[in-house]
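Asks: Contents of structure_15.cif (mmCIF, C-alpha atoms and all ligand atoms) are given next:
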data_my_file
#
loop_
_atom_site.label_atom_id
_atom_site.label_comp_id
_atom_site.auth_asym_id
_atom_site.auth_seq_id
_atom_site.Cartn_x
_atom_site.Cartn_y
_atom_site.Cartn_z
CA MET W 1 115.89 115.87 57.47
CA ARG W 2 114.41 112.66 58.92
CA ASP W 3 110.69 112.38 58.26
CA TRP W 4 108.10 111.84 60.93
CA ASN W 5 106.55 108.64 59.67
CA LEU W 6 107.00 106.15 62.50
CA LYS W 7 105.42 103.24 60.64
CA PRO W 8 108.64 101.60 59.42
CA GLU W 9 110.03 101.67 62.95
CA LEU W 10 106.82 100.31 64.43
CA ASP W 11 106.78 97.57 61.78
CA ASP W 12 110.34 96.76 62.67
CA LEU W 13 109.40 96.34 66.35
CA ARG W 14 106.68 93.88 65.36
CA ALA W 15 109.04 91.97 63.07
CA GLN W 16 111.56 91.63 65.90
CA GLY W 17 108.97 90.39 68.39
CA LEU W 18 109.49 93.57 70.42
CA TRP W 19 106.06 95.14 69.94
CA ARG W 20 104.40 96.30 73.14
CA GLU W 21 100.83 97.35 73.71
CA LEU W 22 98.56 98.27 76.58
CA LYS W 23 95.94 95.74 77.63
CA PRO W 24 93.45 97.14 80.15
CA LEU W 25 92.17 94.98 82.97
CA ASP W 26 88.45 95.22 83.55
CA GLU W 27 88.41 94.04 87.13
CA VAL W 28 90.96 93.26 89.78
CA GLU W 29 90.13 91.24 92.84
CA GLY W 30 93.33 90.27 94.59
CA VAL W 31 95.30 87.99 92.27
CA VAL W 32 92.33 87.31 89.98
CA VAL W 33 91.93 89.77 87.14
CA ARG W 34 89.45 90.00 84.29
CA ARG W 35 90.62 90.89 80.80
CA ASP W 36 88.83 90.51 77.47
CA GLY W 37 86.01 88.74 79.30
CA ARG W 38 88.31 86.10 80.82
CA GLU W 39 89.41 85.47 84.35
CA LEU W 40 93.16 85.16 84.77
CA VAL W 41 95.35 84.40 87.74
CA ASN W 42 97.87 87.19 87.93
CA PHE W 43 101.52 86.21 88.33
CA SER W 44 102.90 89.53 87.11
CA SER W 45 102.10 92.12 89.76
CA ASN W 46 104.60 93.62 92.20
CA ASP W 47 101.86 93.73 94.81
CA TYR W 48 103.84 91.16 96.78
CA LEU W 49 101.82 91.19 99.95
CA GLY W 50 98.53 91.20 98.09
CA VAL W 51 97.26 94.41 99.68
CA SER W 52 96.53 96.70 96.72
CA SER W 53 92.88 95.68 96.45
CA SER W 54 92.46 94.67 100.09
CA LYS W 55 89.76 95.87 102.45
CA GLU W 56 92.48 97.49 104.57
CA VAL W 57 93.88 99.65 101.78
CA ARG W 58 90.40 100.67 100.64
CA GLU W 59 89.57 101.77 104.17
CA ALA W 60 92.82 103.68 104.58
CA LEU W 61 92.25 105.50 101.28
CA ALA W 62 88.60 106.25 102.05
CA GLN W 63 89.52 107.60 105.46
CA GLY W 64 92.26 109.74 103.90
CA MET W 65 89.92 111.12 101.26
CA ALA W 66 87.16 111.85 103.74
CA LYS W 67 89.61 113.90 105.81
CA GLN W 68 91.83 115.37 103.11
CA GLY W 69 89.89 115.49 99.83
CA GLY W 70 91.71 115.25 96.51
CA GLY W 71 94.88 116.91 95.24
CA SER W 72 97.44 118.70 97.38
CA GLY W 73 97.18 121.98 95.50
CA ALA W 74 100.80 122.77 94.76
CA SER W 75 104.36 121.56 94.98
CA ARG W 76 105.70 120.62 98.40
CA LEU W 77 107.69 123.86 98.72
CA VAL W 78 104.77 126.13 97.86
CA CYS W 79 101.74 125.00 99.88
CA GLY W 80 101.62 121.30 99.02
CA THR W 81 103.12 120.01 102.26
CA HIS W 82 100.34 118.84 104.52
CA ARG W 83 100.79 117.45 108.02
CA VAL W 84 100.27 113.87 106.73
CA HIS W 85 103.23 114.22 104.35
CA ALA W 86 105.49 115.16 107.24
CA LYS W 87 104.09 112.34 109.37
CA LEU W 88 104.64 109.77 106.63
CA GLU W 89 108.23 110.93 106.18
CA GLU W 90 108.89 110.61 109.91
CA ALA W 91 107.44 107.10 109.83
CA ILE W 92 109.59 106.10 106.86
CA ALA W 93 112.73 107.48 108.52
CA GLU W 94 111.93 105.46 111.63
CA PHE W 95 111.24 102.37 109.53
CA LYS W 96 114.55 102.74 107.68
CA LYS W 97 116.47 103.83 110.82
CA THR W 98 117.63 107.08 109.22
CA GLN W 99 117.45 110.66 110.48
CA ALA W 100 115.02 111.76 107.78
CA ALA W 101 113.14 110.80 104.62
CA LEU W 102 111.56 112.53 101.65
CA CYS W 103 108.62 111.33 99.55
CA PHE W 104 108.33 111.76 95.79
CA SER W 105 105.44 111.06 93.43
CA SER W 106 107.07 107.81 92.22
CA GLY W 107 110.15 105.70 92.66
CA TYR W 108 111.23 106.87 89.23
CA ALA W 109 111.04 110.48 90.42
CA VAL W 110 113.19 109.60 93.47
CA ALA W 111 116.02 108.44 91.23
CA LEU W 112 115.66 111.32 88.79
CA GLY W 113 115.69 113.88 91.58
CA THR W 114 118.24 112.39 93.94
CA ILE W 115 121.13 111.26 91.78
CA PRO W 116 121.61 114.49 89.76
CA ALA W 117 121.28 116.52 92.98
CA LEU W 118 124.22 114.69 94.54
CA VAL W 119 126.68 114.11 91.70
CA GLY W 120 127.52 116.00 88.53
CA LYS W 121 130.31 116.78 86.10
CA GLY W 122 133.67 115.64 87.46
CA ASP W 123 132.07 113.06 89.77
CA THR W 124 131.77 109.33 89.18
CA LEU W 125 128.72 107.09 89.26
CA ILE W 126 129.25 103.36 89.33
CA LEU W 127 126.27 101.13 88.57
CA ASP W 128 125.60 97.42 88.57
CA LYS W 129 124.89 96.38 84.98
CA LEU W 130 121.37 95.20 85.89
CA CYS W 131 120.24 98.44 87.55
CA HIS W 132 116.68 99.58 86.81
CA ALA W 133 116.08 102.03 83.95
CA CYS W 134 115.27 104.90 86.34
CA LEU W 135 118.74 104.63 87.89
CA VAL W 136 120.37 104.60 84.46
CA ASP W 137 118.31 107.59 83.29
CA ALA W 138 119.16 109.50 86.46
CA ALA W 139 122.85 108.70 85.98
CA ARG W 140 122.76 110.09 82.45
CA LEU W 141 120.89 113.19 83.55
CA SER W 142 123.46 113.91 86.26
CA GLY W 143 126.35 114.55 83.84
CA ALA W 144 128.71 112.54 86.07
CA THR W 145 131.09 110.02 84.52
CA ILE W 146 129.23 106.70 84.34
CA ARG W 147 130.96 103.37 84.96
CA VAL W 148 129.22 100.00 84.93
CA PHE W 149 130.33 96.73 86.51
CA PRO W 150 129.00 93.32 85.43
CA HIS W 151 126.19 92.13 87.67
CA ASN W 152 127.52 91.57 91.22
CA HIS W 153 131.11 91.48 89.92
CA LEU W 154 132.87 93.15 92.85
CA ASP W 155 136.43 92.66 91.57
CA LYS W 156 135.53 94.84 88.65
CA LEU W 157 133.85 97.33 90.99
CA ALA W 158 137.05 97.48 93.06
CA ARG W 159 139.08 98.30 89.96
CA LEU W 160 136.63 101.02 88.94
CA LEU W 161 136.82 102.53 92.43
CA GLU W 162 140.59 102.80 92.19
CA THR W 163 140.42 105.14 89.19
CA ALA W 164 137.25 107.04 90.08
CA THR W 165 137.41 110.82 90.49
CA GLY W 166 135.38 113.44 92.33
CA ARG W 167 132.52 112.34 94.55
CA VAL W 168 131.96 108.65 93.95
CA LEU W 169 128.48 107.16 94.18
CA ILE W 170 127.77 103.45 93.79
CA VAL W 171 124.23 102.57 92.76
CA THR W 172 122.63 99.15 93.04
CA GLU W 173 119.35 97.41 93.73
CA SER W 174 119.12 95.13 96.74
CA ILE W 175 116.80 92.63 95.03
CA PHE W 176 117.08 92.87 91.25
CA SER W 177 113.81 93.55 89.50
CA MET W 178 114.10 91.19 86.54
CA ASP W 179 116.23 88.44 88.12
CA GLY W 180 115.04 88.36 91.71
CA ASP W 181 118.54 87.73 93.05
CA ALA W 182 120.27 89.83 95.70
CA ALA W 183 123.19 92.25 95.59
CA ALA W 184 126.41 91.07 97.26
CA LEU W 185 125.64 93.78 99.76
CA ARG W 186 128.00 93.01 102.63
CA ASP W 187 131.10 92.95 100.41
CA LEU W 188 129.85 95.94 98.50
CA VAL W 189 129.52 97.98 101.69
CA GLU W 190 133.05 96.97 102.81
CA LEU W 191 134.40 98.04 99.45
CA LYS W 192 132.70 101.41 99.30
CA GLU W 193 133.86 102.22 102.84
CA LYS W 194 137.42 101.37 101.95
CA HIS W 195 137.28 103.86 99.08
CA GLY W 196 135.21 106.56 100.77
CA ALA W 197 132.43 106.22 98.21
CA TRP W 198 128.70 106.52 98.96
CA LEU W 199 126.07 103.91 98.21
CA LEU W 200 122.53 104.39 96.92
CA LEU W 201 120.55 101.20 97.53
CA ASP W 202 117.26 100.79 95.69
CA GLU W 203 115.10 98.43 97.76
CA ALA W 204 112.00 98.61 95.52
CA HIS W 205 111.59 94.81 95.47
CA ALA W 206 112.84 94.11 98.98
CA VAL W 207 110.86 96.47 101.18
CA GLY W 208 107.85 94.69 102.62
CA VAL W 209 109.20 91.38 101.40
CA ILE W 210 112.40 90.59 103.30
CA GLY W 211 114.19 91.55 106.48
CA PRO W 212 112.81 92.17 109.98
CA GLN W 213 109.45 93.99 109.68
CA GLY W 214 109.96 93.90 105.90
CA ARG W 215 112.66 96.56 106.25
CA GLY W 216 114.64 95.22 103.29
CA LEU W 217 117.94 93.51 102.61
CA SER W 218 120.01 96.17 104.37
CA ALA W 219 118.10 95.44 107.59
CA ALA W 220 118.26 91.67 107.05
CA LEU W 221 122.07 91.98 106.96
CA GLY W 222 122.33 94.60 109.71
CA LEU W 223 123.91 97.10 107.32
CA GLU W 224 121.36 99.91 107.50
CA ASP W 225 123.52 102.47 109.25
CA ARG W 226 126.42 101.90 106.85
CA ILE W 227 124.40 102.85 103.76
CA GLU W 228 124.04 106.55 102.95
CA LEU W 229 121.03 106.58 100.61
CA HIS W 230 118.04 104.24 100.99
CA MET W 231 115.61 104.36 98.09
CA GLY W 232 112.26 102.64 97.95
CA THR W 233 108.78 102.76 96.55
CA LEU W 234 105.28 102.79 97.97
CA SER W 235 104.02 101.28 94.70
CA LYS W 236 104.94 97.64 95.19
CA ALA W 237 104.58 95.74 98.48
CA LEU W 238 102.79 98.74 100.04
CA GLY W 239 100.12 98.49 97.36
CA LEU W 240 99.85 102.25 96.71
CA SER W 241 101.91 104.72 94.71
CA GLY W 242 104.90 106.96 95.29
CA GLY W 243 108.56 106.69 96.28
CA TYR W 244 110.94 107.76 99.03
CA LEU W 245 114.55 108.47 99.80
CA ALA W 246 115.69 107.95 103.40
CA ALA W 247 119.03 109.41 104.53
CA SER W 248 120.71 111.83 106.92
CA ARG W 249 119.01 115.14 107.75
CA GLN W 250 121.73 116.93 105.79
CA VAL W 251 121.08 114.94 102.61
CA ILE W 252 117.32 115.38 102.87
CA ASP W 253 117.74 119.15 103.37
CA TRP W 254 119.88 119.22 100.25
CA LEU W 255 117.27 117.28 98.24
CA ILE W 256 114.51 119.64 99.36
CA ASN W 257 116.62 122.43 97.89
CA ARG W 258 117.98 120.67 94.81
CA ALA W 259 115.97 117.61 93.68
CA ARG W 260 114.10 118.93 90.66
CA SER W 261 111.55 116.10 90.40
CA PHE W 262 110.61 116.92 94.00
CA ILE W 263 110.58 120.71 93.70
CA TYR W 264 108.81 121.12 90.38
CA SER W 265 106.02 118.60 90.75
CA THR W 266 102.74 118.83 92.64
CA ALA W 267 102.88 117.04 95.99
CA PRO W 268 101.28 113.59 96.01
CA PRO W 269 97.68 113.81 97.27
CA PRO W 270 97.48 113.96 101.07
CA PHE W 271 95.05 111.00 101.15
CA LEU W 272 97.77 108.88 99.58
CA ALA W 273 100.24 109.91 102.27
CA HIS W 274 97.63 109.05 104.91
CA ALA W 275 97.01 105.61 103.37
CA ALA W 276 100.75 104.96 102.96
CA GLY W 277 101.29 105.71 106.65
CA GLU W 278 98.54 103.25 107.60
CA MET W 279 99.84 100.54 105.26
CA LEU W 280 103.40 101.01 106.48
CA LYS W 281 102.25 100.41 110.05
CA ARG W 282 100.38 97.27 109.02
CA MET W 283 103.22 96.00 106.88
CA ALA W 284 105.79 96.44 109.67
CA GLY W 285 103.50 94.72 112.15
CA GLU W 286 101.95 91.33 112.71
CA GLU W 287 99.80 91.44 109.61
CA GLY W 288 102.86 92.05 107.44
CA GLU W 289 104.66 89.17 109.16
CA LYS W 290 101.79 86.81 108.35
CA ARG W 291 101.76 87.88 104.73
CA ARG W 292 105.54 87.54 104.44
CA GLN W 293 105.33 84.05 105.90
CA LYS W 294 102.71 83.12 103.30
CA LEU W 295 104.90 84.55 100.55
CA ARG W 296 107.89 82.48 101.73
CA GLU W 297 105.76 79.33 101.72
CA HIS W 298 104.61 80.07 98.17
CA ALA W 299 108.17 80.69 97.04
CA HIS W 300 109.28 77.42 98.57
CA CYS W 301 106.44 75.61 96.82
CA LEU W 302 107.17 77.14 93.39
CA ARG W 303 110.90 76.46 93.67
CA LYS W 304 110.31 72.84 94.51
CA LEU W 305 107.78 72.32 91.73
CA LEU W 306 109.89 73.97 89.04
CA ASN W 307 113.22 72.84 90.43
CA ILE W 308 114.70 76.34 90.36
CA PRO W 309 117.34 77.88 92.62
CA GLU W 310 116.76 79.47 96.01
CA HIS W 311 116.00 83.21 95.98
CA PRO W 312 115.39 85.56 98.87
CA ALA W 313 112.58 87.40 97.08
CA ALA W 314 109.31 86.89 95.22
CA ILE W 315 110.56 87.24 91.63
CA TYR W 316 111.31 84.13 89.57
CA PRO W 317 112.64 84.47 86.03
CA LEU W 318 112.55 81.59 83.56
CA ILE W 319 115.04 82.56 80.90
CA PHE W 320 114.33 81.37 77.35
CA GLY W 321 116.71 83.62 75.44
CA ARG W 322 114.80 84.12 72.21
CA GLU W 323 112.15 86.85 72.31
CA SER W 324 109.70 84.82 70.21
CA GLN W 325 109.96 81.78 72.46
CA ALA W 326 109.29 83.70 75.66
CA MET W 327 106.34 85.38 73.94
CA GLN W 328 104.96 82.03 72.81
CA VAL W 329 105.10 80.49 76.28
CA SER W 330 103.53 83.61 77.79
CA LYS W 331 100.72 83.38 75.23
CA SER W 332 100.10 79.71 75.94
CA LEU W 333 99.96 80.44 79.67
CA LEU W 334 97.39 83.15 78.95
CA GLU W 335 95.26 80.61 77.11
CA ALA W 336 95.53 78.38 80.17
CA GLY W 337 94.34 81.25 82.42
CA PHE W 338 97.62 82.64 83.81
CA LEU W 339 98.96 86.14 83.38
CA VAL W 340 102.76 85.83 83.26
CA PRO W 341 104.52 88.45 81.17
CA ALA W 342 107.36 87.86 78.75
CA ILE W 343 110.10 90.36 79.53
CA ARG W 344 112.11 91.39 76.50
CA TYR W 345 114.69 93.83 75.24
CA PRO W 346 115.13 96.66 76.13
CA THR W 347 113.99 95.80 79.67
CA VAL W 348 116.54 92.97 79.66
CA ALA W 349 119.48 92.43 77.29
CA ARG W 350 118.87 90.96 73.83
CA GLY W 351 118.84 87.16 73.95
CA GLN W 352 117.82 87.24 77.64
CA ALA W 353 114.07 87.17 77.10
CA ARG W 354 112.26 85.53 79.94
CA LEU W 355 109.06 84.86 81.77
CA ARG W 356 108.95 86.78 85.01
CA ILE W 357 106.81 85.09 87.62
CA THR W 358 106.02 87.17 90.67
CA LEU W 359 104.35 85.70 93.69
CA SER W 360 101.91 87.33 96.05
CA ALA W 361 100.80 86.48 99.55
CA ALA W 362 97.29 86.59 98.09
CA HIS W 363 97.89 83.57 95.86
CA ASP W 364 96.76 80.22 97.19
CA GLU W 365 98.80 77.07 96.95
CA GLY W 366 96.45 75.53 94.39
CA GLN W 367 97.06 78.40 91.96
CA ILE W 368 100.82 77.94 92.25
CA GLU W 369 100.57 74.19 91.74
CA GLN W 370 98.41 74.71 88.66
CA LEU W 371 100.81 77.22 87.16
CA ALA W 372 103.77 74.96 87.81
CA GLY W 373 101.92 72.00 86.29
CA VAL W 374 101.05 73.82 83.07
CA LEU W 375 104.49 75.40 82.84
CA GLY W 376 106.28 72.11 83.44
CA LYS W 377 104.44 70.52 80.54
CA MET W 378 105.10 73.44 78.20
CA VAL W 379 108.79 73.60 78.90
CA GLN W 380 109.11 69.84 78.32
CA GLU W 381 107.26 70.08 75.04
CA LYS W 382 109.25 73.06 73.78
CA PRO W 383 112.80 72.57 74.92
C1 LIG Y 1 109.53 99.83 90.15
C2 LIG Y 1 110.92 100.26 90.37
C3 LIG Y 1 111.23 101.59 90.55
C4 LIG Y 1 110.24 102.70 90.30
O1 LIG Y 1 109.30 102.82 91.27
P1 LIG Y 1 107.87 103.42 90.89
O2 LIG Y 1 107.29 103.79 92.18
O3 LIG Y 1 107.14 102.33 90.17
O4 LIG Y 1 108.14 104.60 90.00
C5 LIG Y 1 112.51 101.92 90.91
N1 LIG Y 1 113.45 100.97 91.04
C6 LIG Y 1 113.19 99.67 90.84
C7 LIG Y 1 114.27 98.68 91.00
C8 LIG Y 1 111.92 99.29 90.48
O5 LIG Y 1 111.66 98.00 90.23
#
What's the structure tokens form of this structure?
Ligand SMILES: *Cc1c(COP(=O)(O)O)cnc(C)c1O

Replies:
Amino acid sequence: MRDWNLKPELDDLRAQGLWRELKPLDEVEGVVVRRDGRELVNFSSNDYLGVSSSKEVREALAQGMAKQGGGSGASRLVCGTHRVHAKLEEAIAEFKKTQAALCFSSGYAVALGTIPALVGKGDTLILDKLCHACLVDAARLSGATIRVFPHNHLDKLARLLETATGRVLIVTESIFSMDGDAAALRDLVELKEKHGAWLLLDEAHAVGVIGPQGRGLSAALGLEDRIELHMGTLSKALGLSGGYLAASRQVIDWLINRARSFIYSTAPPPFLAHAAGEMLKRMAGEEGEKRRQKLREHAHCLRKLLNIPEHPAAIYPLIFGRESQAMQVSKSLLEAGFLVPAIRYPTVARGQARLRITLSAAHDEGQIEQLAGVLGKMVQEKP
């Protein structure tokens, strides 16, 4: 029998440069955070529009709490569905141009509930190699046959589609979380239609950031009504917490009856649904447009300063390869007052360790210039 002493395995993680630990922030004020008594400029948050600590979100939450109180009391199917949940789902469906939508307690829970509800043994799931862990976990949980195509490699996808059996579901992100690049969505949609497959598109890093009204890559390309399953999160650009799946009425009815992470979990607090509804309105409106414009200007500035390729989104990886090197640069940046995480295995493949810079509309140009200046020097010194 294997013993329960985890020390050798923990030691091994340290030795490999793969050790992870939690480091609490003491204060957060927009992009400036305080940790261990030091002020740091945060380039690691997915709060792309810079709203999570804004006056607006505080007001929306306070208003929600004053009206609704704390927890929802039970799962959605028991007595946890409050009027604000239904209203938020209607607003999300309208935003995504679908018949209906369903909210979950997190984006992770969306994947875990939706994918196994729709495909199972005898069916085929085809994923882009760089899909987020929650999509991979959901695929495994479903019991369907799993096939993977190299990132954005549609020839390989086409070959996989030819031999797929049962219901066939393709799963991809629209903007990839650790690379910031986009799916080859137009060709992908053509391909799945040709084969009668369905597509689940995870827009976690695109919603709020790109497309008209921040409606994501599918909207930017005019492909919304050709995609069956739109997944997204309220935790990133919306600055709150929770996830959603937007789809046809039929699919949403099925999920209400079959998605286990939806059925067997207490409904998200009503005040959160209230705040999400308010933030969605703001994000789709003029205020969101202004923040997206700011974000685009920042991205342009960073790209020019670091001489890195054009991206549609707010995520910029600098790939070093070796875990220890990425860690070292991240540490030096910390000493210089910048919070930029090193992303390592197993989040990315071994030998693909990187810094992941994320921009926010709440940054100012000076902060981006300073980061680029420090980073430029470091990369020159440590080729
Ligand atoms: C963050 C993320 C999720 C999970 O969303 P949460 O609301 O944080 O649980 C899902 N997919 C992708 C691509 C993500 O980056």

Asks: Around ligand LIG 1 (chain Y), which protein and nucleic acid residues have at least one atom no more than 10 Å from it, if we count all atoms listed in the file? List them as a ChimeraX atom specification.

Replies: /W:46,104-111,130-135,172-178,201-206,231-236,240-244

Asks: Would you mind exporting the chosen residues as a compact mmCIF listing (two decimals), in the frame of the given file, restricted to C-alpha atoms?

Replies:
# COMPACT_ATOMS: atom_id res chain seq x y z
CA ASN W 46 104.60 93.62 92.20
CA PHE W 104 108.33 111.76 95.79
CA SER W 105 105.44 111.06 93.43
CA SER W 106 107.07 107.81 92.22
CA GLY W 107 110.15 105.70 92.66
CA TYR W 108 111.23 106.87 89.23
CA ALA W 109 111.04 110.48 90.42
CA VAL W 110 113.19 109.60 93.47
CA ALA W 111 116.02 108.44 91.23
CA LEU W 130 121.37 95.20 85.89
CA CYS W 131 120.24 98.44 87.55
CA HIS W 132 116.68 99.58 86.81
CA ALA W 133 116.08 102.03 83.95
CA CYS W 134 115.27 104.90 86.34
CA LEU W 135 118.74 104.63 87.89
CA THR W 172 122.63 99.15 93.04
CA GLU W 173 119.35 97.41 93.73
CA SER W 174 119.12 95.13 96.74
CA ILE W 175 116.80 92.63 95.03
CA PHE W 176 117.08 92.87 91.25
CA SER W 177 113.81 93.55 89.50
CA MET W 178 114.10 91.19 86.54
CA LEU W 201 120.55 101.20 97.53
CA ASP W 202 117.26 100.79 95.69
CA GLU W 203 115.10 98.43 97.76
CA ALA W 204 112.00 98.61 95.52
CA HIS W 205 111.59 94.81 95.47
CA ALA W 206 112.84 94.11 98.98
CA MET W 231 115.61 104.36 98.09
CA GLY W 232 112.26 102.64 97.95
CA THR W 233 108.78 102.76 96.55
CA LEU W 234 105.28 102.79 97.97
CA SER W 235 104.02 101.28 94.70
CA LYS W 236 104.94 97.64 95.19
CA LEU W 240 99.85 102.25 96.71
CA SER W 241 101.91 104.72 94.71
CA GLY W 242 104.90 106.96 95.29
CA GLY W 243 108.56 106.69 96.28
CA TYR W 244 110.94 107.76 99.03

Asks: In Å, rounded to a single decimal, give me how far CA of Arg322 in chain W is from CA of Leu305 in chain W.

Replies: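 So the answer is 23.9 Å.
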
Asks: So that I can see what lies close to Arg356 in chain W, please list as a PyMOL selection string the residues with an atom at most 8 Å from it, counting only C-alpha atoms and leaving out residues fewer than 5 positions away in the same chain.

Replies: chain W and resi 44+178+315-318+340-343

Asks: Those residues with C-alpha atoms, as a PDB file, in the coordinates of the input please?

Replies:
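Saved file part.pdb follows:
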ATOM      1  CA  SER W  44     102.900  89.530  87.110  1.00  0.00           C
ATOM      2  CA  MET W 178     114.100  91.190  86.540  1.00  0.00           C
ATOM      3  CA  ILE W 315     110.560  87.240  91.630  1.00  0.00           C
ATOM      4  CA  TYR W 316     111.310  84.130  89.570  1.00  0.00           C
ATOM      5  CA  PRO W 317     112.640  84.470  86.030  1.00  0.00           C
ATOM      6  CA  LEU W 318     112.550  81.590  83.560  1.00  0.00           C
ATOM      7  CA  VAL W 340     102.760  85.830  83.260  1.00  0.00           C
ATOM      8  CA  PRO W 341     104.520  88.450  81.170  1.00  0.00           C
ATOM      9  CA  ALA W 342     107.360  87.860  78.750  1.00  0.00           C
ATOM     10  CA  ILE W 343     110.100  90.360  79.530  1.00  0.00           C
TER      11      ILE W 343
END

Asks: Can you work out which one of W:Gly120, W:Gly285, W:Gly239, W:Gly222 has the shortest atom-to-atom distance to Arg58 in chain W, counting only C-alpha atoms?

Replies: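 Using only C-alpha atoms, the shortest distance to Arg58 in chain W belongs to W:Gly239.
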
Asks: What is the distance between CA of His85 in chain W and CA of Leu217 in chain W, in Å to one decimal?

Replies: 25.5 Å

Asks: Rank nothing, just name the residue among W:Leu371, W:Asp128, W:Val251, W:Gly366 nearest to Leu339 in chain W, using all atoms listed in the file.

Replies: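 Between W:Leu371, W:Asp128, W:Val251, W:Gly366, the residue approaching Leu339 in chain W most closely is W:Leu371.
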